[in-house]
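Enquirer: Okay, handing you the structure first.
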Amino acid sequence: MRYTLIRTKQFEKSFKKLSKVEKALTISKLEIFSQTPLHPSLRAKHIQGTKNLFEASVNMDIRFVWRYDGDRIILMLDIGHHDILNNY
């Protein structure tokens with residue numbers, strides 16, 4: 001089942017700050033993510049201490065934060081280096 005990814009303004013703002021290489025890798029990982037959000041290569045998991053937020057990895061440093069919005073929609077909340085998780 002393919003999911004619709006909706007990028008928030010914060011996600012777009014943070015995405016623009018990534019390097020060209022990081023952006024290319026992110027786009028590749030988001031393609032996998034849209035088809036299988038819990039794919040093992042993404043290391044997706046629930047963010048401790050939150051009710052419905054999740055994180056997944058682009059690489060060992062870049063993470064993105066997301067949540068489900070219904071059965072087939074995922075809101076992309078933020079992306080950045082590992083320390084963005086401190087915001088959640």
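Every chain in the structure tokens takes a letter, A first, then B, and so on in the order presented; its residues are numbered from 1, and the ligands are numbered from 1 following the presented order.
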Got a sec to tell me which of chain A DSSP assigns to strand (DSSP E or B), as a PyMOL selection string?
Expert: chain A and resi 4-7+45-46+54-57+62-68+73-81
Enquirer: What's the 12 Å shell around A:Asp61, counting only C-alpha atoms, without same-chain residues fewer than 6 positions away, as an MDAnalysis selection string?
Expert: chainID A and resid 18 22 25:26 42 79:85
Enquirer: At a cut-off of 10 Å, using only C-alpha atoms, what residues contact A:Asn52? Leave out same-chain residues fewer than 5 positions from it and give the result as a list in words.
Expert: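 Everything that qualifies: His46, Ile47, Trp66, Arg67, Tyr68 and Asp69 of chain A.
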Enquirer: Once DSSP has gone over the backbone, tell me which residues of chain A are in alpha helix (DSSP H), as number ranges by chain.
Expert: A: 9-16, 20-35
Enquirer: Suppose we keep N, CA and C atoms; can you now write the selection as a CSV table (one decimal), in the first residue's frame?
Expert:
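Written out: result-v3.csv:
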chain,number,residue,atom,x,y,z
A,9,LYS,N,5.4,22.9,6.4
A,9,LYS,CA,6.3,24.0,6.1
A,9,LYS,C,7.6,23.8,6.8
A,10,GLN,N,7.5,23.3,8.0
A,10,GLN,CA,8.8,23.1,8.8
A,10,GLN,C,9.7,22.1,8.1
A,11,PHE,N,9.1,21.0,7.6
A,11,PHE,CA,9.8,20.0,6.9
A,11,PHE,C,10.5,20.6,5.7
A,12,GLU,N,9.7,21.4,4.9
A,12,GLU,CA,10.3,22.0,3.7
A,12,GLU,C,11.4,23.0,4.0
A,13,LYS,N,11.3,23.7,5.1
A,13,LYS,CA,12.3,24.7,5.5
A,13,LYS,C,13.6,23.9,5.9
A,14,SER,N,13.4,22.9,6.7
A,14,SER,CA,14.6,22.1,7.1
A,14,SER,C,15.2,21.3,5.9
A,15,PHE,N,14.4,20.8,5.0
A,15,PHE,CA,14.9,20.1,3.9
A,15,PHE,C,15.8,21.0,3.0
A,16,LYS,N,15.5,22.2,2.9
A,16,LYS,CA,16.3,23.2,2.1
A,16,LYS,C,17.6,23.4,2.7
A,20,LYS,N,23.3,19.0,-1.0
A,20,LYS,CA,22.8,18.4,-2.2
A,20,LYS,C,22.8,16.9,-2.1
A,21,VAL,N,23.9,16.4,-1.6
A,21,VAL,CA,24.0,14.9,-1.4
A,21,VAL,C,23.0,14.4,-0.4
A,22,GLU,N,22.8,15.1,0.7
A,22,GLU,CA,21.8,14.7,1.7
A,22,GLU,C,20.4,14.8,1.1
A,23,LYS,N,20.1,15.8,0.3
A,23,LYS,CA,18.8,15.9,-0.4
A,23,LYS,C,18.5,14.7,-1.3
A,24,ALA,N,19.5,14.3,-2.1
A,24,ALA,CA,19.3,13.2,-3.0
A,24,ALA,C,19.1,11.9,-2.3
A,25,LEU,N,19.9,11.7,-1.2
A,25,LEU,CA,19.7,10.5,-0.4
A,25,LEU,C,18.3,10.5,0.3
A,26,THR,N,17.9,11.6,0.7
A,26,THR,CA,16.5,11.7,1.4
A,26,THR,C,15.4,11.4,0.4
A,27,ILE,N,15.5,11.9,-0.8
A,27,ILE,CA,14.5,11.6,-1.8
A,27,ILE,C,14.4,10.1,-2.1
A,28,SER,N,15.6,9.5,-2.2
A,28,SER,CA,15.6,8.1,-2.4
A,28,SER,C,15.0,7.3,-1.2
A,29,LYS,N,15.3,7.7,0.0
A,29,LYS,CA,14.7,7.1,1.2
A,29,LYS,C,13.2,7.3,1.3
A,30,LEU,N,12.7,8.5,0.9
A,30,LEU,CA,11.3,8.8,1.0
A,30,LEU,C,10.5,8.0,0.0
A,31,GLU,N,11.1,7.6,-1.1
A,31,GLU,CA,10.4,6.7,-2.0
A,31,GLU,C,10.2,5.3,-1.4
A,32,ILE,N,11.2,4.8,-0.7
A,32,ILE,CA,11.0,3.6,0.1
A,32,ILE,C,10.0,3.8,1.2
A,33,PHE,N,10.1,4.9,1.9
A,33,PHE,CA,9.2,5.2,3.0
A,33,PHE,C,7.7,5.3,2.6
A,34,SER,N,7.5,5.9,1.4
A,34,SER,CA,6.1,6.0,0.9
A,34,SER,C,5.4,4.7,0.7
A,35,GLN,N,6.3,3.7,0.4
A,35,GLN,CA,5.7,2.4,0.1
A,35,GLN,C,5.7,1.5,1.3
Enquirer: Find the spatial neighbours of A:Ser57, counting only C-alpha atoms, within a cut-off of 7 Å - ignore same-chain residues fewer than 2 positions away - and output them as a PDB file with C-alpha atoms, in the first residue's frame.
Expert:
ATOM      1  CA  LEU A  42      14.793   3.260   7.664  1.00  0.00           C
ATOM      2  CA  ARG A  43      15.134   2.141  11.287  1.00  0.00           C
ATOM      3  CA  ALA A  44      11.710   3.685  11.987  1.00  0.00           C
ATOM      4  CA  GLU A  55      11.295   8.982  13.559  1.00  0.00           C
ATOM      5  CA  ASN A  59      21.507   7.795   7.163  1.00  0.00           C
ATOM      6  CA  MET A  60      23.300   7.537  10.497  1.00  0.00           C
ATOM      7  CA  ILE A  62      19.859  12.535   9.197  1.00  0.00           C
ATOM      8  CA  ARG A  63      16.469  11.808  10.776  1.00  0.00           C
ATOM      9  CA  PHE A  64      12.939  12.762   9.856  1.00  0.00           C
TER      10      PHE A  64
END
Enquirer: Rounded to one decimal place, report the atom CA of A:Thr8-atom CA of A:Thr36 distance in Å.
Expert: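 Pair atom CA of A:Thr8 / atom CA of A:Thr36 returns 20.1 Å.
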Enquirer: Just to confirm, what's the straight-line distance from atom CA of A:Ile74 to atom CA of A:Leu5 in Å (one decimal)?
Expert: 5.0 Å
Enquirer: Which neighbours of A:Lys45 fall inside 10 Å, counting only C-alpha atoms, when residues of the same chain fewer than 6 positions from it are skipped, and could you give them as a PDB file with N, CA and C atoms, in the first residue's frame?
Expert:
ATOM      1  N   PRO A  37       6.601   2.352   5.271  1.00  0.00           N
ATOM      2  CA  PRO A  37       7.131   3.222   6.326  1.00  0.00           C
ATOM      3  C   PRO A  37       7.990   2.508   7.373  1.00  0.00           C
ATOM      4  N   LEU A  38       7.740   1.245   7.590  1.00  0.00           N
ATOM      5  CA  LEU A  38       8.501   0.523   8.603  1.00  0.00           C
ATOM      6  C   LEU A  38       9.571  -0.376   7.982  1.00  0.00           C
ATOM      7  N   LEU A  53       4.165  10.320  17.499  1.00  0.00           N
ATOM      8  CA  LEU A  53       5.252  10.758  16.625  1.00  0.00           C
ATOM      9  C   LEU A  53       6.252   9.633  16.421  1.00  0.00           C
ATOM     10  N   PHE A  54       6.795   9.593  15.211  1.00  0.00           N
ATOM     11  CA  PHE A  54       7.765   8.580  14.842  1.00  0.00           C
ATOM     12  C   PHE A  54       8.978   9.246  14.215  1.00  0.00           C
ATOM     13  N   GLU A  55      10.090   8.519  14.237  1.00  0.00           N
ATOM     14  CA  GLU A  55      11.295   8.982  13.559  1.00  0.00           C
ATOM     15  C   GLU A  55      11.775   7.878  12.647  1.00  0.00           C
ATOM     16  N   ALA A  56      12.494   8.270  11.609  1.00  0.00           N
ATOM     17  CA  ALA A  56      13.133   7.317  10.716  1.00  0.00           C
ATOM     18  C   ALA A  56      14.454   7.926  10.260  1.00  0.00           C
ATOM     19  N   SER A  57      15.337   7.066   9.783  1.00  0.00           N
ATOM     20  CA  SER A  57      16.686   7.497   9.410  1.00  0.00           C
ATOM     21  C   SER A  57      16.869   7.543   7.903  1.00  0.00           C
ATOM     22  N   VAL A  65      10.997  13.261  11.155  1.00  0.00           N
ATOM     23  CA  VAL A  65       9.928  13.051  12.132  1.00  0.00           C
ATOM     24  C   VAL A  65       8.608  13.088  11.377  1.00  0.00           C
TER      25      VAL A  65
END
Enquirer: Select, from A:Lys17, A:Val58, A:Ser41, A:Ile6, the residue with the minimum atom-to-atom distance to A:Leu77, counting only C-alpha atoms.
Expert: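 Checking each candidate against A:Leu77, we get A:Ile6 as the closest.
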